[in-house]
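Data from structure_5.cif: mmCIF, C-alpha atoms
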```
data_structure
loop_
_atom_site.group_PDB
_atom_site.id
_atom_site.type_symbol
_atom_site.label_atom_id
_atom_site.label_comp_id
_atom_site.auth_asym_id
_atom_site.auth_seq_id
_atom_site.Cartn_x
_atom_site.Cartn_y
_atom_site.Cartn_z
ATOM 1 C CA MET A 1 0.000 0.000 0.000
ATOM 2 C CA THR A 2 1.466 3.368 -1.017
ATOM 3 C CA TYR A 3 1.720 6.326 1.333
ATOM 4 C CA PHE A 4 -1.141 8.181 -0.369
ATOM 5 C CA SER A 5 -3.471 5.166 -0.506
ATOM 6 C CA ARG A 6 -2.708 4.490 3.166
ATOM 7 C CA GLN A 7 -3.579 8.080 4.068
ATOM 8 C CA ILE A 8 -6.865 7.836 2.166
ATOM 9 C CA PHE A 9 -7.668 4.549 3.921
ATOM 10 C CA LEU A 10 -6.953 6.003 7.372
ATOM 11 C CA SER A 11 -8.916 9.142 6.583
ATOM 12 C CA THR A 12 -11.909 7.083 5.486
ATOM 13 C CA LEU A 13 -11.675 4.851 8.541
ATOM 14 C CA CYS A 14 -11.439 7.770 10.958
ATOM 15 C CA GLY A 15 -14.234 9.583 9.188
ATOM 16 C CA GLY A 16 -16.432 6.522 9.523
ATOM 17 C CA ALA A 17 -15.610 6.262 13.206
ATOM 18 C CA SER A 18 -16.466 9.925 13.660
ATOM 19 C CA LEU A 19 -19.813 9.398 11.997
ATOM 20 C CA LEU A 20 -20.537 6.436 14.244
ATOM 21 C CA ALA A 21 -19.546 8.437 17.303
ATOM 22 C CA ALA A 22 -21.739 11.328 16.235
ATOM 23 C CA SER A 23 -24.775 9.111 15.613
ATOM 24 C CA PRO A 24 -27.154 9.197 18.579
ATOM 25 C CA VAL A 25 -27.973 5.900 20.228
ATOM 26 C CA VAL A 26 -31.755 5.596 20.295
ATOM 27 C CA ALA A 27 -32.915 3.800 23.407
ATOM 28 C CA ARG A 28 -35.698 1.295 22.942
ATOM 29 C CA GLN A 29 -38.841 2.645 24.550
ATOM 30 C CA GLU A 30 -40.373 0.246 27.030
ATOM 31 C CA SER A 31 -44.046 -0.525 26.555
ATOM 32 C CA PRO A 32 -46.179 0.900 29.383
ATOM 33 C CA LEU A 33 -48.533 -2.080 29.184
ATOM 34 C CA VAL A 34 -48.628 -4.448 32.157
ATOM 35 C CA CYS A 35 -50.605 -7.516 33.185
ATOM 36 C CA PRO A 36 -53.691 -6.246 35.059
ATOM 37 C CA VAL A 37 -53.231 -8.914 37.734
ATOM 38 C CA MET A 38 -49.484 -9.170 38.412
ATOM 39 C CA LYS A 39 -48.554 -5.752 36.966
ATOM 40 C CA SER A 40 -45.617 -7.352 35.153
ATOM 41 C CA PRO A 41 -44.705 -6.084 31.642
ATOM 42 C CA VAL A 42 -46.575 -7.595 28.697
ATOM 43 C CA ALA A 43 -46.294 -6.989 24.967
ATOM 44 C CA LEU A 44 -48.978 -5.263 22.939
ATOM 45 C CA PRO A 45 -51.454 -8.083 22.233
ATOM 46 C CA ASP A 46 -51.799 -9.531 18.756
ATOM 47 C CA ALA A 47 -54.443 -11.821 17.279
ATOM 48 C CA ALA A 48 -52.759 -14.907 18.745
ATOM 49 C CA ALA A 49 -52.613 -13.593 22.309
ATOM 50 C CA LYS A 50 -55.167 -14.638 24.893
ATOM 51 C CA THR A 51 -56.964 -11.486 25.942
ATOM 52 C CA ARG A 52 -60.160 -10.169 27.478
ATOM 53 C CA ASP A 53 -62.138 -7.196 26.161
ATOM 54 C CA LEU A 54 -64.253 -4.933 28.368
ATOM 55 C CA GLN A 55 -65.816 -1.587 27.395
ATOM 56 C CA GLY A 56 -63.612 -1.327 24.331
ATOM 57 C CA VAL A 57 -60.414 -2.016 26.277
ATOM 58 C CA ARG A 58 -58.267 -5.101 25.655
ATOM 59 C CA TYR A 59 -56.414 -6.738 28.549
ATOM 60 C CA ALA A 60 -53.424 -9.049 28.054
ATOM 61 C CA PHE A 61 -51.890 -11.369 30.644
ATOM 62 C CA CYS A 62 -48.489 -12.643 31.652
ATOM 63 C CA CYS A 63 -49.710 -16.178 32.404
ATOM 64 C CA PRO A 64 -52.816 -18.432 32.313
ATOM 65 C CA MET A 65 -53.308 -18.102 36.077
ATOM 66 C CA CYS A 66 -53.794 -14.360 35.700
ATOM 67 C CA GLU A 67 -56.457 -14.941 33.046
ATOM 68 C CA LYS A 68 -58.425 -17.066 35.513
ATOM 69 C CA SER A 69 -58.055 -14.513 38.299
ATOM 70 C CA PHE A 70 -59.223 -11.745 35.981
ATOM 71 C CA ASP A 71 -62.274 -13.720 34.849
ATOM 72 C CA LYS A 72 -63.382 -14.187 38.462
ATOM 73 C CA GLN A 73 -63.143 -10.500 39.419
ATOM 74 C CA PRO A 74 -62.495 -8.258 36.404
ATOM 75 C CA ALA A 75 -63.477 -5.079 38.257
ATOM 76 C CA LYS A 76 -60.731 -5.762 40.788
ATOM 77 C CA PHE A 77 -58.019 -5.574 38.137
ATOM 78 C CA THR A 78 -59.185 -2.892 35.700
ATOM 79 C CA GLY A 79 -58.445 0.075 37.941
ATOM 80 C CA VAL A 80 -55.566 2.532 37.776
ATOM 81 C CA PRO A 81 -52.215 0.968 38.798
ATOM 82 C CA LYS A 82 -50.044 2.609 41.466
ATOM 83 C CA ASP A 83 -47.547 3.570 38.781
ATOM 84 C CA LYS A 84 -49.545 6.126 36.794
ATOM 85 C CA THR A 85 -47.215 5.739 33.803
ATOM 86 C CA LYS A 86 -48.363 2.141 33.338
ATOM 87 C CA ALA A 87 -51.479 0.830 31.607
ATOM 88 C CA VAL A 88 -53.372 -2.372 32.402
ATOM 89 C CA GLY A 89 -55.296 -2.321 29.121
ATOM 90 C CA VAL A 90 -55.278 -0.989 25.563
ATOM 91 C CA PHE A 91 -58.170 0.956 24.063
ATOM 92 C CA LEU A 92 -59.154 -0.503 20.692
ATOM 93 C CA PHE A 93 -60.011 2.838 19.083
ATOM 94 C CA ASP A 94 -58.537 6.270 18.504
ATOM 95 C CA PRO A 95 -60.551 8.131 21.175
ATOM 96 C CA VAL A 96 -60.503 11.392 19.218
ATOM 97 C CA THR A 97 -61.845 10.059 15.912
ATOM 98 C CA THR A 98 -63.588 7.068 17.591
ATOM 99 C CA LYS A 99 -62.317 4.892 14.730
ATOM 100 C CA ARG A 100 -60.966 1.378 15.264
ATOM 101 C CA LEU A 101 -57.176 1.455 15.579
ATOM 102 C CA ASP A 102 -54.684 -1.256 16.453
ATOM 103 C CA ALA A 103 -52.146 0.087 18.951
ATOM 104 C CA LYS A 104 -49.328 -1.445 16.909
ATOM 105 C CA ALA A 105 -50.340 0.755 13.980
ATOM 106 C CA ALA A 106 -50.653 3.908 16.079
ATOM 107 C CA VAL A 107 -48.518 6.968 15.360
ATOM 108 C CA ALA A 108 -48.577 7.913 19.043
ATOM 109 C CA THR A 109 -50.074 6.799 22.358
ATOM 110 C CA SER A 110 -50.992 8.225 25.758
ATOM 111 C CA VAL A 111 -51.581 6.578 29.115
ATOM 112 C CA TYR A 112 -54.543 7.889 31.056
ATOM 113 C CA GLU A 113 -56.096 6.334 34.162
ATOM 114 C CA GLY A 114 -54.594 2.922 33.521
ATOM 115 C CA VAL A 115 -55.467 2.682 29.831
ATOM 116 C CA LEU A 116 -53.181 3.013 26.815
ATOM 117 C CA TYR A 117 -54.880 5.111 24.128
ATOM 118 C CA PRO A 118 -53.639 4.878 20.507
ATOM 119 C CA PHE A 119 -53.773 7.712 17.978
ATOM 120 C CA ALA A 120 -53.770 7.801 14.199
ATOM 121 C CA SER A 121 -51.907 11.128 14.216
ATOM 122 C CA ALA A 122 -49.796 13.344 16.460
ATOM 123 C CA ILE A 123 -52.542 15.988 16.282
ATOM 124 C CA ASN A 124 -55.034 13.545 17.779
ATOM 125 C CA LYS A 125 -52.667 12.854 20.659
ATOM 126 C CA THR A 126 -52.238 16.577 21.324
ATOM 127 C CA THR A 127 -56.007 17.047 21.272
ATOM 128 C CA PHE A 128 -56.483 14.172 23.712
ATOM 129 C CA ASP A 129 -53.723 15.275 26.068
ATOM 130 C CA LYS A 130 -55.263 18.749 26.395
ATOM 131 C CA SER A 131 -58.563 17.375 27.734
ATOM 132 C CA PRO A 132 -58.341 13.600 28.283
ATOM 133 C CA LYS A 133 -61.546 13.412 30.330
ATOM 134 C CA GLN A 134 -63.510 14.525 27.295
ATOM 135 C CA TYR A 135 -62.261 11.652 25.152
ATOM 136 C CA ALA A 136 -61.547 8.895 27.672
ATOM 137 C CA THR A 137 -65.162 8.411 28.732
ATOM 138 C CA ARG A 138 -66.428 4.828 28.727
ATOM 139 C CA PRO A 139 -70.194 4.679 29.303
ATOM 140 C CA ALA A 140 -71.441 1.784 31.434
ATOM 141 C CA LYS A 141 -74.151 1.080 28.851
ATOM 142 C CA GLU A 142 -73.138 -0.129 25.411
ATOM 143 C CA LEU A 143 -74.674 -1.746 22.368
ATOM 144 C CA LEU A 144 -72.805 -4.035 19.978
ATOM 145 C CA PHE A 145 -75.375 -3.401 17.298
ATOM 146 C CA CYS A 146 -75.288 -1.089 14.292
ATOM 147 C CA PRO A 147 -78.768 0.463 13.973
ATOM 148 C CA VAL A 148 -77.988 1.971 10.576
ATOM 149 C CA SER A 149 -77.246 -1.339 8.852
ATOM 150 C CA ASP A 150 -79.412 -3.288 11.310
ATOM 151 C CA GLU A 151 -76.468 -5.574 11.958
ATOM 152 C CA VAL A 152 -75.034 -7.214 15.071
ATOM 153 C CA VAL A 153 -71.407 -6.268 15.735
ATOM 154 C CA LYS A 154 -69.545 -9.437 16.727
ATOM 155 C CA ASP A 155 -67.192 -7.766 19.209
ATOM 156 C CA TYR A 156 -65.328 -4.518 19.886
ATOM 157 C CA ALA A 157 -62.495 -5.410 17.536
ATOM 158 C CA SER A 158 -64.982 -5.960 14.707
ATOM 159 C CA ALA A 159 -66.501 -2.488 15.066
ATOM 160 C CA SER A 160 -65.418 0.241 12.668
ATOM 161 C CA ASP A 161 -66.056 3.040 15.178
ATOM 162 C CA TYR A 162 -68.592 4.138 17.763
ATOM 163 C CA SER A 163 -70.968 6.922 18.759
ATOM 164 C CA ASP A 164 -72.134 7.938 22.224
ATOM 165 C CA TYR A 165 -75.828 8.681 22.556
ATOM 166 C CA ASN A 166 -77.839 9.250 25.738
ATOM 167 C CA GLY A 167 -75.162 7.729 27.948
ATOM 168 C CA GLU A 168 -74.779 4.644 25.776
ATOM 169 C CA ARG A 169 -71.987 3.661 23.411
ATOM 170 C CA ILE A 170 -73.227 2.379 20.056
ATOM 171 C CA TYR A 171 -70.723 0.377 18.016
ATOM 172 C CA MET A 172 -70.953 0.621 14.228
ATOM 173 C CA CYS A 173 -70.359 -2.144 11.696
ATOM 174 C CA CYS A 174 -68.705 -0.056 8.969
ATOM 175 C CA PRO A 175 -67.234 3.451 8.445
ATOM 176 C CA GLY A 176 -70.272 4.719 6.547
ATOM 177 C CA CYS A 177 -72.721 4.203 9.412
ATOM 178 C CA LYS A 178 -71.471 6.663 12.014
ATOM 179 C CA GLU A 179 -72.233 9.854 10.088
ATOM 180 C CA PRO A 180 -75.929 9.167 9.382
ATOM 181 C CA PHE A 181 -76.420 7.990 12.969
ATOM 182 C CA ASP A 182 -74.815 11.113 14.428
ATOM 183 C CA LYS A 183 -76.995 13.332 12.221
ATOM 184 C CA GLU A 184 -80.289 11.692 13.195
ATOM 185 C CA PRO A 185 -79.859 9.340 16.159
ATOM 186 C CA THR A 186 -83.568 9.417 17.030
ATOM 187 C CA LYS A 187 -84.310 7.944 13.601
ATOM 188 C CA TYR A 188 -82.747 4.673 14.767
ATOM 189 C CA LYS A 189 -84.246 4.547 18.260
ATOM 190 C CA ALA A 190 -86.893 1.967 17.323
ATOM 191 C CA LYS A 191 -84.276 -0.397 15.907
ATOM 192 C CA MET A 192 -82.115 -0.086 19.009
ATOM 193 C CA ASP A 193 -85.077 -0.661 21.323
ATOM 194 C CA ALA A 194 -86.088 -3.747 19.338
ATOM 195 C CA PHE A 195 -82.574 -5.156 19.535
ATOM 196 C CA ARG A 196 -82.361 -4.525 23.286
ATOM 197 C CA ALA A 197 -85.677 -6.311 23.791
ATOM 198 C CA LYS A 198 -84.505 -9.263 21.706
ATOM 199 C CA LEU A 199 -81.217 -9.359 23.601
ATOM 200 C CA ALA A 200 -83.023 -9.311 26.945
ATOM 201 C CA LYS A 201 -85.158 -12.299 25.919
ATOM 202 C CA THR A 202 -82.074 -14.215 24.823
ATOM 203 C CA THR A 203 -80.302 -13.456 28.097
ATOM 204 C CA THR A 204 -83.243 -14.459 30.294
ATOM 205 C CA GLY A 205 -84.234 -17.395 28.139
ATOM 206 C CA VAL A 206 -87.711 -15.986 27.438
ATOM 207 C CA LYS A 207 -89.137 -16.942 24.034
#
```
Write the structure described by the file as structure tokens, please.
Amino acid sequence: MTYFSRQIFLSTLCGGASLLAASPVVARQESPLVCPVMKSPVALPDAAAKTRDLQGVRYAFCCPMCEKSFDKQPAKFTGVPKDKTKAVGVFLFDPVTTKRLDAKAAVATSVYEGVLYPFASAINKTTFDKSPKQYATRPAKELLFCPVSDEVVKDYASASDYSDYNGERIYMCCPGCKEPFDKEPTKYKAKMDAFRAKLAKTTTGVK
């Protein structure tokens, strides 16, 4: 190797080292999600994970024993953990747009009162963070029935979005149903009442 080629080699090597030294080391952000029972870290749940869904929130567990404990007393484990930066469950929708959103596909997230909320945009997160109480409401009454299409919604994950009406959360079957419902909710009251009556008969076993 000649003197000049050696100098070029050393210059390139040192330059590369400088670039590496100047590059910031990005720390891997730890997921705030924990098992609602043991409060140990758990990964964001996927389709294969064993989970439980309540009021639009999905709960994942660290072991089968915790699943059983949760099933016996869900209310005992869905509260706010001592560490306010942790979440025991993941909301299945962007609370600002009310549209279905997988947390793994979220642009940003926020933890509020023990729940991890996903957002489709940074603007939605900012909006939520300014007044979380406005968007983090979860009515005790809910209806997995789309009154616009007159269709039963299989579960929370199958809903396209939701609307809150008279203290009740109505889950929609497809993106085109929310707008007409929000414009004229009273138009669909009869359908909702009929479904509730049918559901009550099924639950009580009355024919």
- Note on the structure: From CA of Asp46 (chain A) to CA of Asp164 (chain A) the spacing works out at 27.0 Å
- Message: Evaluate the PyMOL selection byres ((chain A and resi 140) around 9) against this structure - the residues, as an NGL selection string, please.
- Response: :A and (55 or 138-139 or 141-142 or 167-169)
- Task: Give me, please, the distance in Å between CA of Val88 (chain A) and CA of Ile123 (chain A), quoted to one decimal.
- Result: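 We find that CA of Val88 (chain A) and CA of Ile123 (chain A) lie 24.4 Å from each other.
If you apply the PyMOL selection byres ((chain A and resi 32-45) around 7) to this structure, you end up with Glu30, Ser31, Asp46, Ala47, Ala49, Ala60, Phe61, Cys62, Cys66, Phe70, Phe77, Thr78, Thr85, Lys86, Ala87, Val88 and Gly89 of chain A.
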- Using the chain letters and residue numbers of this document, give as a PyMOL selection string the residues selected by the PyMOL selection byres ((chain A and resi 53) around 10). chain A and resi 51-52+54-60+89-92+155-157
- Task: Compile the contact shell of region 178-183 of chain A as a PyMOL selection string: residues with an atom at most 7 Å away, counting only C-alpha atoms, same-chain residues fewer than 3 positions apart removed.
- Result: chain A and resi 148+162-163+172+175
Taking 5 positions as the minimum chain separation for residues in the same chain, which residues sit within 12 Å of Lys133 (chain A) when counting only C-alpha atoms? Answer as an mmCIF file with C-alpha atoms, in the frame of the given file.
```cif
data_model
loop_
_atom_site.group_PDB
_atom_site.id
_atom_site.type_symbol
_atom_site.label_atom_id
_atom_site.label_comp_id
_atom_site.auth_asym_id
_atom_site.auth_seq_id
_atom_site.Cartn_x
_atom_site.Cartn_y
_atom_site.Cartn_z
ATOM 1 C CA PRO A 95 -60.551 8.131 21.175
ATOM 2 C CA VAL A 96 -60.503 11.392 19.218
ATOM 3 C CA TYR A 112 -54.543 7.889 31.056
ATOM 4 C CA GLU A 113 -56.096 6.334 34.162
ATOM 5 C CA THR A 127 -56.007 17.047 21.272
ATOM 6 C CA PHE A 128 -56.483 14.172 23.712
ATOM 7 C CA ARG A 138 -66.428 4.828 28.727
#
```
- Message: Using only C-alpha atoms for the distances, tell me which of A:Cys174, A:Ala159, A:Val115, A:Leu143 is nearest to Asp193 (chain A).
- Response: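 Closest to Asp193 (chain A) of all the choices is A:Leu143.
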Let me have the centre and edge lengths in Å, one decimal, of the box along x, y and z around every listed atom of region 161-166 of chain A with 8 Å of margin on each side, as lines of an AutoDock Vina configuration file.
```
center_x = -71.9
center_y = 6.1
center_z = 20.5
size_x = 27.8
size_y = 22.2
size_z = 26.6
```
- Task: Quick one: pull the distance between CA of Lys130 (chain A) and CA of Ala103 (chain A), Å, one decimal.
- Result: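 According to the coordinates, CA of Lys130 (chain A) and CA of Ala103 (chain A) are separated by 20.3 Å.
Nearest to Gly79 (chain A) of all the residues A:Ala108, A:Glu151, A:Gly114, A:Lys201 is A:Gly114, based on only C-alpha atoms.
Each of A:Val111, A:Val152, A:Ile170, A:Ala75 was compared to Thr98 (chain A) using all atoms listed in the file, and A:Ile170 turns out to be the nearest.
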